[in-house]
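Visitor: Okay, so here is target-v2.txt, and as you'll see once you scroll down, it has compact mmCIF, C-alpha atoms and all ligand atoms.
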# COMPACT_ATOMS: atom_id res chain seq x y z
CA MET C 1 98.59 -52.14 -1.87
CA MET C 2 100.87 -54.44 -3.90
CA SER C 3 98.68 -57.09 -5.60
CA GLU C 4 98.85 -60.59 -4.16
CA ARG C 5 100.60 -63.31 -6.17
CA ILE C 6 99.67 -66.71 -4.85
CA VAL C 7 101.36 -70.02 -5.66
CA VAL C 8 99.41 -73.21 -4.89
CA ILE C 9 101.58 -76.35 -4.92
CA GLY C 10 99.54 -79.54 -5.21
CA SER C 11 96.77 -77.73 -7.10
CA ASN C 12 95.37 -80.91 -8.65
CA GLY C 13 94.53 -82.52 -5.32
CA GLN C 14 91.22 -82.78 -3.46
CA ILE C 15 91.84 -79.49 -1.61
CA GLY C 16 93.96 -77.72 -4.24
CA THR C 17 91.33 -78.05 -6.95
CA GLU C 18 88.78 -76.08 -4.95
CA LEU C 19 91.25 -73.73 -3.27
CA VAL C 20 92.65 -72.48 -6.62
CA THR C 21 89.15 -71.75 -7.90
CA GLU C 22 88.19 -69.88 -4.72
CA LEU C 23 91.45 -67.88 -4.59
CA ARG C 24 91.12 -66.90 -8.27
CA LYS C 25 87.66 -65.49 -7.52
CA SER C 26 89.19 -63.17 -4.90
CA TYR C 27 92.59 -62.34 -6.43
CA GLY C 28 92.08 -62.73 -10.18
CA ASP C 29 92.90 -65.70 -12.39
CA GLY C 30 96.35 -64.40 -13.37
CA ASN C 31 97.49 -63.90 -9.76
CA VAL C 32 96.97 -67.51 -8.64
CA ILE C 33 99.53 -69.91 -10.09
CA ALA C 34 98.42 -73.57 -9.98
CA CYS C 35 101.38 -75.96 -9.62
CA ASP C 36 101.48 -79.73 -9.66
CA ILE C 37 103.58 -82.67 -10.76
CA ARG C 38 101.05 -83.56 -13.48
CA ARG C 39 98.85 -81.63 -15.87
CA PRO C 40 95.38 -80.88 -14.45
CA ASP C 41 92.70 -83.22 -15.73
CA TYR C 42 90.22 -80.38 -16.08
CA ASP C 43 90.23 -76.81 -17.31
CA ILE C 44 92.10 -75.21 -14.38
CA LYS C 45 95.00 -74.56 -16.84
CA ASN C 46 92.71 -72.52 -19.07
CA ALA C 47 91.52 -70.45 -16.13
CA GLY C 48 94.97 -69.17 -15.17
CA PRO C 49 98.72 -69.91 -15.00
CA PHE C 50 99.85 -73.52 -14.43
CA GLU C 51 103.42 -74.73 -13.74
CA PHE C 52 104.78 -78.28 -13.58
CA VAL C 53 106.49 -78.46 -10.18
CA ASN C 54 107.92 -81.34 -8.16
CA VAL C 55 108.34 -79.95 -4.66
CA LEU C 56 111.34 -82.26 -4.14
CA GLU C 57 113.31 -80.66 -7.01
CA LYS C 58 114.57 -77.59 -5.12
CA ASP C 59 116.25 -76.01 -8.16
CA ILE C 60 112.99 -76.07 -10.14
CA LEU C 61 111.12 -74.84 -7.08
CA LYS C 62 113.64 -71.97 -6.77
CA GLN C 63 112.95 -71.00 -10.39
CA LEU C 64 109.24 -70.82 -9.52
CA PHE C 65 109.95 -68.45 -6.60
CA GLN C 66 112.34 -66.44 -8.82
CA LYS C 67 109.75 -66.15 -11.61
CA TYR C 68 106.70 -65.21 -9.52
CA LYS C 69 108.13 -63.76 -6.25
CA PRO C 70 104.92 -65.06 -4.57
CA THR C 71 103.35 -63.09 -1.72
CA GLN C 72 101.59 -66.25 -0.53
CA VAL C 73 102.42 -69.96 -0.97
CA TYR C 74 100.04 -72.85 -0.20
CA LEU C 75 101.89 -76.19 0.02
CA LEU C 76 99.30 -78.94 -0.31
CA ALA C 77 101.39 -81.69 -1.94
CA ALA C 78 101.55 -84.79 0.30
CA LEU C 79 100.97 -88.53 0.47
CA LEU C 80 97.96 -89.16 2.75
CA SER C 81 97.56 -91.78 5.48
CA ALA C 82 96.62 -94.91 3.54
CA THR C 83 98.87 -94.39 0.51
CA GLY C 84 101.66 -93.28 2.85
CA GLU C 85 101.61 -96.68 4.55
CA GLN C 86 102.12 -98.36 1.16
CA ASN C 87 105.28 -96.29 0.61
CA PRO C 88 106.56 -94.97 3.98
CA LYS C 89 109.93 -93.60 2.81
CA LEU C 90 108.37 -91.69 -0.11
CA ALA C 91 105.69 -90.34 2.22
CA TRP C 92 108.34 -89.10 4.66
CA ASP C 93 110.49 -87.66 1.85
CA LEU C 94 107.66 -85.84 0.06
CA ASN C 95 105.84 -84.61 3.18
CA MET C 96 108.97 -83.57 5.10
CA ASN C 97 111.55 -82.46 2.52
CA GLY C 98 108.84 -80.85 0.42
CA LEU C 99 107.95 -78.66 3.40
CA LEU C 100 111.59 -77.85 4.25
CA ASN C 101 112.30 -76.87 0.63
CA VAL C 102 109.35 -74.45 0.66
CA LEU C 103 110.22 -73.02 4.09
CA ASP C 104 113.80 -72.25 2.99
CA LEU C 105 112.75 -70.65 -0.30
CA ALA C 106 109.97 -68.66 1.41
CA LEU C 107 112.66 -67.22 3.71
CA GLU C 108 115.01 -66.49 0.81
CA TYR C 109 112.32 -64.78 -1.28
CA LYS C 110 110.58 -63.10 1.70
CA THR C 111 107.18 -64.70 1.04
CA ALA C 112 104.73 -62.85 3.28
CA ARG C 113 102.49 -65.80 4.22
CA ILE C 114 102.70 -69.57 3.83
CA TYR C 115 99.96 -72.16 4.34
CA TRP C 116 100.67 -75.79 5.09
CA PRO C 117 97.98 -78.35 6.06
CA SER C 118 98.36 -80.69 9.00
CA SER C 119 95.81 -83.32 9.99
CA ILE C 120 94.06 -85.06 12.88
CA ALA C 121 96.47 -87.85 11.91
CA VAL C 122 99.00 -86.16 14.25
CA PHE C 123 97.01 -87.66 17.16
CA GLY C 124 97.45 -91.28 18.17
CA PRO C 125 96.18 -94.10 20.42
CA ASN C 126 97.12 -92.24 23.63
CA SER C 127 95.64 -88.87 22.62
CA PRO C 128 92.27 -88.10 24.29
CA LYS C 129 89.58 -89.48 21.95
CA ILE C 130 86.64 -87.19 22.74
CA GLN C 131 86.90 -83.44 22.11
CA THR C 132 90.65 -83.87 21.51
CA PRO C 133 92.28 -80.63 22.71
CA GLN C 134 94.70 -78.34 20.85
CA LEU C 135 97.57 -79.47 23.12
CA CYS C 136 97.82 -83.08 24.32
CA ILE C 137 99.78 -86.32 23.94
CA MET C 138 100.40 -86.96 20.24
CA ASP C 139 101.68 -90.41 19.26
CA PRO C 140 100.78 -90.87 15.56
CA ILE C 141 101.05 -94.42 14.20
CA THR C 142 101.21 -93.57 10.47
CA VAL C 143 104.17 -92.10 8.56
CA TYR C 144 101.72 -89.46 7.33
CA GLY C 145 100.89 -88.53 10.94
CA ILE C 146 104.57 -88.58 11.97
CA SER C 147 105.45 -86.31 9.03
CA LYS C 148 102.62 -83.91 9.88
CA LEU C 149 103.61 -83.79 13.57
CA ALA C 150 107.26 -83.15 12.66
CA GLY C 151 106.12 -80.59 10.09
CA GLU C 152 104.12 -78.73 12.74
CA ARG C 153 107.28 -78.51 14.88
CA TRP C 154 109.28 -77.15 11.90
CA CYS C 155 106.57 -74.56 11.14
CA GLU C 156 106.65 -73.29 14.73
CA TYR C 157 110.49 -73.28 14.62
CA TYR C 158 110.60 -71.18 11.42
CA PHE C 159 108.10 -68.76 12.96
CA HIS C 160 110.00 -68.26 16.23
CA ARG C 161 113.52 -68.42 14.78
CA TYR C 162 113.05 -66.54 11.50
CA GLY C 163 109.68 -64.80 11.85
CA LEU C 164 108.20 -66.69 8.90
CA ASP C 165 104.41 -66.18 8.91
CA ILE C 166 103.32 -69.77 8.25
CA ARG C 167 99.81 -70.86 9.19
CA SER C 168 98.29 -74.33 9.42
CA ILE C 169 95.10 -76.30 10.08
CA ARG C 170 94.76 -79.91 11.30
CA TYR C 171 92.10 -80.96 8.80
CA PRO C 172 89.69 -83.73 9.77
CA GLY C 173 88.38 -86.00 7.03
CA LEU C 174 87.34 -83.75 4.12
CA ILE C 175 84.26 -84.52 2.09
CA SER C 176 83.81 -83.08 -1.40
CA TRP C 177 82.27 -83.93 -4.74
CA LYS C 178 84.39 -81.89 -7.20
CA ALA C 179 87.75 -83.70 -7.12
CA ALA C 180 88.58 -87.33 -6.38
CA PRO C 181 89.97 -88.03 -2.87
CA GLY C 182 93.63 -88.99 -2.63
CA GLY C 183 94.22 -92.18 -0.68
CA GLY C 184 92.98 -91.24 2.77
CA THR C 185 91.44 -93.34 5.52
CA THR C 186 88.39 -91.08 5.68
CA ASP C 187 87.66 -91.42 1.96
CA TYR C 188 84.88 -93.95 2.63
CA ALA C 189 82.73 -90.90 3.41
CA ILE C 190 83.15 -89.76 -0.21
CA HIS C 191 82.98 -93.12 -2.01
CA ILE C 192 79.73 -93.93 -0.16
CA PHE C 193 77.91 -91.11 -1.98
CA HIS C 194 79.16 -92.13 -5.43
CA ASP C 195 78.16 -95.78 -4.86
CA ALA C 196 74.82 -94.86 -3.27
CA LEU C 197 73.87 -92.93 -6.39
CA LYS C 198 75.33 -95.49 -8.83
CA LYS C 199 74.49 -98.80 -7.13
CA ASN C 200 72.10 -97.97 -4.24
CA SER C 201 74.66 -99.73 -2.03
CA TYR C 202 78.13 -99.35 -0.55
CA LYS C 203 80.54 -101.70 1.25
CA SER C 204 82.41 -99.67 3.90
CA PHE C 205 86.07 -100.43 4.65
CA LEU C 206 85.58 -98.94 8.14
CA SER C 207 83.31 -100.64 10.69
CA ALA C 208 79.81 -99.33 11.51
CA GLU C 209 80.77 -97.70 14.80
CA THR C 210 84.02 -96.01 13.65
CA GLU C 211 83.41 -92.38 14.62
CA LEU C 212 85.73 -89.81 13.01
CA PRO C 213 85.90 -85.99 12.81
CA MET C 214 84.86 -84.72 9.38
CA MET C 215 84.30 -81.46 7.50
CA TYR C 216 82.61 -80.45 4.26
CA MET C 217 85.09 -79.02 1.73
CA ASP C 218 83.23 -75.69 1.50
CA ASP C 219 83.92 -75.17 5.22
CA ALA C 220 87.55 -76.30 4.87
CA ILE C 221 88.26 -73.85 2.04
CA ARG C 222 86.49 -70.97 3.83
CA GLY C 223 88.28 -71.74 7.11
CA THR C 224 91.66 -71.90 5.35
CA ILE C 225 91.16 -68.50 3.70
CA GLU C 226 89.77 -66.97 6.92
CA LEU C 227 92.90 -68.14 8.76
CA MET C 228 95.17 -66.71 6.04
CA ASP C 229 93.28 -63.40 6.08
CA ALA C 230 93.33 -63.06 9.89
CA PRO C 231 95.64 -60.35 11.32
CA ALA C 232 98.93 -61.96 12.45
CA GLU C 233 98.43 -60.74 16.02
CA LYS C 234 95.30 -62.91 16.33
CA ILE C 235 97.23 -66.12 15.54
CA SER C 236 98.25 -67.76 18.83
CA ILE C 237 99.02 -71.21 17.37
CA ARG C 238 102.05 -71.55 15.09
CA SER C 239 102.07 -75.36 14.99
CA SER C 240 98.60 -76.09 13.56
CA TYR C 241 95.00 -75.32 14.55
CA ASN C 242 92.49 -77.99 15.52
CA LEU C 243 89.44 -77.55 13.28
CA THR C 244 86.33 -79.63 12.74
CA GLY C 245 82.84 -79.52 11.27
CA MET C 246 81.13 -82.64 12.64
CA SER C 247 81.75 -86.25 13.72
CA PHE C 248 79.89 -89.33 12.54
CA THR C 249 80.15 -93.09 12.01
CA PRO C 250 79.57 -94.98 8.74
CA GLU C 251 76.29 -96.24 10.26
CA VAL C 252 75.03 -92.72 11.04
CA LEU C 253 76.09 -91.44 7.61
CA GLY C 254 74.31 -94.39 5.98
CA LYS C 255 71.08 -93.54 7.82
CA GLU C 256 71.35 -89.89 6.66
CA ILE C 257 71.82 -91.03 3.06
CA LYS C 258 68.70 -93.22 3.38
CA ASN C 259 66.71 -90.04 4.02
CA HIS C 260 67.47 -89.19 0.36
CA ILE C 261 67.83 -92.70 -1.12
CA PRO C 262 65.38 -94.87 0.86
CA ASP C 263 66.52 -98.25 -0.51
CA PHE C 264 70.23 -97.54 0.03
CA LYS C 265 72.00 -100.64 1.45
CA LEU C 266 75.19 -100.28 3.56
CA GLU C 267 77.43 -103.29 4.16
CA TYR C 268 80.85 -103.67 5.80
CA MET C 269 84.08 -105.35 4.73
CA ASP C 270 85.39 -108.06 7.07
CA PHE C 271 88.82 -106.48 7.30
CA ASP C 272 90.76 -103.50 5.92
CA GLN C 273 94.16 -102.17 7.02
CA ARG C 274 92.71 -98.68 7.26
CA GLN C 275 90.62 -99.72 10.29
CA ALA C 276 93.69 -99.68 12.59
CA ILE C 277 94.57 -96.18 11.35
CA ALA C 278 91.02 -94.92 11.99
CA ASP C 279 90.97 -96.55 15.45
CA SER C 280 94.11 -94.58 16.39
CA TRP C 281 92.50 -91.22 15.57
CA PRO C 282 90.17 -88.99 17.67
CA LYS C 283 86.41 -89.40 17.59
CA SER C 284 85.80 -85.66 17.97
CA ILE C 285 87.94 -82.51 17.99
CA ASN C 286 87.86 -79.44 20.24
CA ASP C 287 88.44 -76.39 18.04
CA THR C 288 87.60 -73.59 20.52
CA VAL C 289 91.11 -72.07 20.14
CA ALA C 290 90.43 -71.44 16.42
CA SER C 291 86.98 -69.99 17.27
CA ASN C 292 88.48 -67.68 19.91
CA ASP C 293 91.53 -66.61 17.85
CA TRP C 294 90.00 -65.96 14.42
CA GLY C 295 86.25 -66.59 14.70
CA TRP C 296 86.02 -70.07 13.20
CA LYS C 297 82.44 -71.39 12.87
CA PRO C 298 81.44 -74.44 10.75
CA GLY C 299 78.63 -73.92 8.24
CA PHE C 300 77.77 -77.54 7.35
CA ASN C 301 76.42 -80.23 9.66
CA LEU C 302 75.73 -83.86 8.65
CA SER C 303 72.30 -83.25 7.10
CA LYS C 304 73.35 -80.10 5.20
CA MET C 305 76.52 -81.82 3.91
CA THR C 306 74.60 -84.94 2.83
CA GLU C 307 72.00 -82.85 1.02
CA SER C 308 74.71 -80.84 -0.79
CA MET C 309 76.73 -83.94 -1.78
CA ILE C 310 73.70 -85.74 -3.22
CA LEU C 311 72.35 -82.63 -4.97
CA ASN C 312 75.72 -81.89 -6.65
CA LEU C 313 76.56 -85.49 -7.55
CA ARG C 314 73.12 -85.95 -9.10
CA LYS C 315 73.75 -83.02 -11.49
C1 LIG C 401 93.44 -89.08 5.35
N1 LIG C 401 91.83 -87.50 4.43
O1 LIG C 401 92.50 -89.83 5.55
C2 LIG C 401 93.11 -87.60 5.09
C3 LIG C 401 93.06 -86.83 6.38
C4 LIG C 401 92.27 -86.92 8.77
C5 LIG C 401 92.29 -87.58 7.47
O2 LIG C 401 94.31 -86.47 6.82
O3 LIG C 401 94.58 -89.45 5.38
Please express the file's structure as C-alpha cells.

Guide:
Amino acid sequence: MMSERIVVIGSNGQIGTELVTELRKSYGDGNVIACDIRRPDYDIKNAGPFEFVNVLEKDILKQLFQKYKPTQVYLLAALLSATGEQNPKLAWDLNMNGLLNVLDLALEYKTARIYWPSSIAVFGPNSPKIQTPQLCIMDPITVYGISKLAGERWCEYYFHRYGLDIRSIRYPGLISWKAAPGGGTTDYAIHIFHDALKKNSYKSFLSAETELPMMYMDDAIRGTIELMDAPAEKISIRSSYNLTGMSFTPEVLGKEIKNHIPDFKLEYMDFDQRQAIADSWPKSINDTVASNDWGWKPGFNLSKMTESMILNLRK
C-alpha cells in the first residue's frame, strides 16, 4: 500500500498541535508535514517536516501540494468565534477562501481524503437547544458560524459534484492542556483550570448557568482520526457530523474543580460580549448519527476530564 503523506495546515493551533503528534505516531514523523503561518513555539519542527504556509496564498499552497503530493490534508487554520467578531472580514476571508483554495488544489492533485473542522457555532438562536439534531434550522450569529455553515455546504458540493472525499466534525468546545486556546467563546473552560491552579480562583466571562457542549481534546483527536479511517461507504454525512462529549455550565465545572481544589473560588464578570455568542449556541448535541455511522463513543466525562486536566497541568 502506498505510504500516507499527510499535510496538516494550522499545525500550531489548539487542535493541530495534538493532531500532528498523534498522526506522527501512526504514520511516522517524516510522513506528517506540519504547516503554519508562524514557526512552532515548541519542538514540533524537530520531530518532523515543517513548512511556512499561508492558506490564502494559493501559489505557495500549490507549491506545497506539488512538493508533497499529500494523500491526506487536514485544514485547521481559522479565526474562531470571539476573535472572528473582532475582525469579521478577515475571519470570512481566512475561513472561506482558505477552504476553497484547499478544495481546488485537493481536486487538482487528487488528494485521497481531506479533513475540515466545523463547529456547533453553525447553530443559532432558532436551532433546537437541547439535544440539537444533525439536521435542523441553522441561523448562526457569528461570522465564524456563518463561515463554517457555508463551508459545510461547499464540502458537500465538492463531494457530490467532484467526488472529493472530504470529512468534517462540528466540534463543541474543546478542552486541552497542551496548547493555548485560540480566541474561542468556550475557552473559559480552559482558563479556569490554569487560574484555579495558579490563583485558587477564576472570574468567568460566561454566566453561571451558561450550559454548552464540550469535549476533551483526547476524544476530539481520536474521533477525528476514527472518522478519517472509516470506510467511505459508512459516511452518510458530507456536510459535517454532530459530535459531543459532555455538556456543563461554569457553575457545575467550578464544583467539579472544588473536588480537587477545595478552596477554589469562582466569580463572574458583570458583562462580556462572548455571552451573547454562547447564548445563541446549543446546550447539548445529539450525535447518534456519528455513533451509528462510524461507531463514535466519547471516552471522557466531566469528572474524568477534570481529573486529567488538573493532573497534567500540575506536572
Ligand atoms: C469557539 N472553541 O469557541 C471554538 C468552538 C464551539 C466552540 O468553535 O469559537

Visitor: Output the neighbourhood of ligand LIG 401 (chain C) as an MDAnalysis selection string, that is, all protein and nucleic acid residues with some atom at most 7 Å from the ligand, counting only C-alpha atoms and all ligand atoms.

Guide: chainID C and resid 80:82 119:121 171:174 183:187

Visitor: Given all atoms listed in the file as the basis, pick out the residue of C:Ser284, C:Thr17, C:Asn12, C:Ser240 nearest to C:Glu152.

Guide: C:Ser240

Visitor: Excluding C:Trp294 and its own-chain neighbours fewer than 3 positions away, which residues fall within 7 Å of it when counting only C-alpha atoms? Please give them as an MDAnalysis selection string.

Guide: chainID C and resid 227 230 234 290:291

Visitor: Just the number, please: distance in Å from atom CA of C:Trp92 to atom CA of C:Arg5, one decimal.

Guide: 29.0 Å

Visitor: For a cut-off of 7 Å around (99.3, -74.9, -1.4), file coordinates, pick out all residues using only C-alpha atoms and list them as a list in words.

Guide: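 In the file's frame, the residues around the point are Val7, Val8, Ile9, Gly10, Ser11, Gly16, Val73, Tyr74, Leu75, Leu76, Tyr115 and Trp116 of chain C.
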
Visitor: Give as a count of residues only the set of residues within 9 Å of the point (109.7, -68.8, -1.1), where distances use the file's coordinates and all atoms listed in the file.

Guide: 23

Visitor: Which neighbours of stretch 50-56 of chain C fall inside 7 Å, counting all atoms listed in the file, when residues of the same chain fewer than 4 positions from it are skipped, and could you give them as a list in words?

Guide: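 Answer for this query is Ile33, Ala34, Cys35, Asp36, Ile37, Arg38, Lys45, Ile60, Leu61, Leu94, Asn97 and Gly98 of chain C.
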
Visitor: Rank C:Thr224, C:Ser176, C:Ser118, C:Ser207 by their smallest atom-to-atom distance to C:Met309, using only C-alpha atoms, and report the top residue only.

Guide: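 Looking at the shortest contact to C:Met309, the residue is C:Ser176.
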
Visitor: So which one's closest to C:Lys265, C:Ile235, C:Leu197, C:Lys67, C:Glu18? Using only C-alpha atoms, please.

Guide: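 Counting only C-alpha atoms, the residue closest to C:Lys265 is C:Leu197.
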
Visitor: Put a box with edges along x, y and z around all the listed atoms of stretch 214-230 of chain C, pad it by 3 Å on each side, then give me its centre and sizes in Å, one decimal, as lines of an AutoDock Vina configuration file.

Guide:
center_x = 88.9
center_y = -73.9
center_z = 5.7
size_x = 18.6
size_y = 27.7
size_z = 14.4

Visitor: Just to confirm, what's the straight-line distance from atom CA of C:Gln134 to atom CA of C:Ala276 in Å (one decimal)?

Guide: 22.9 Å
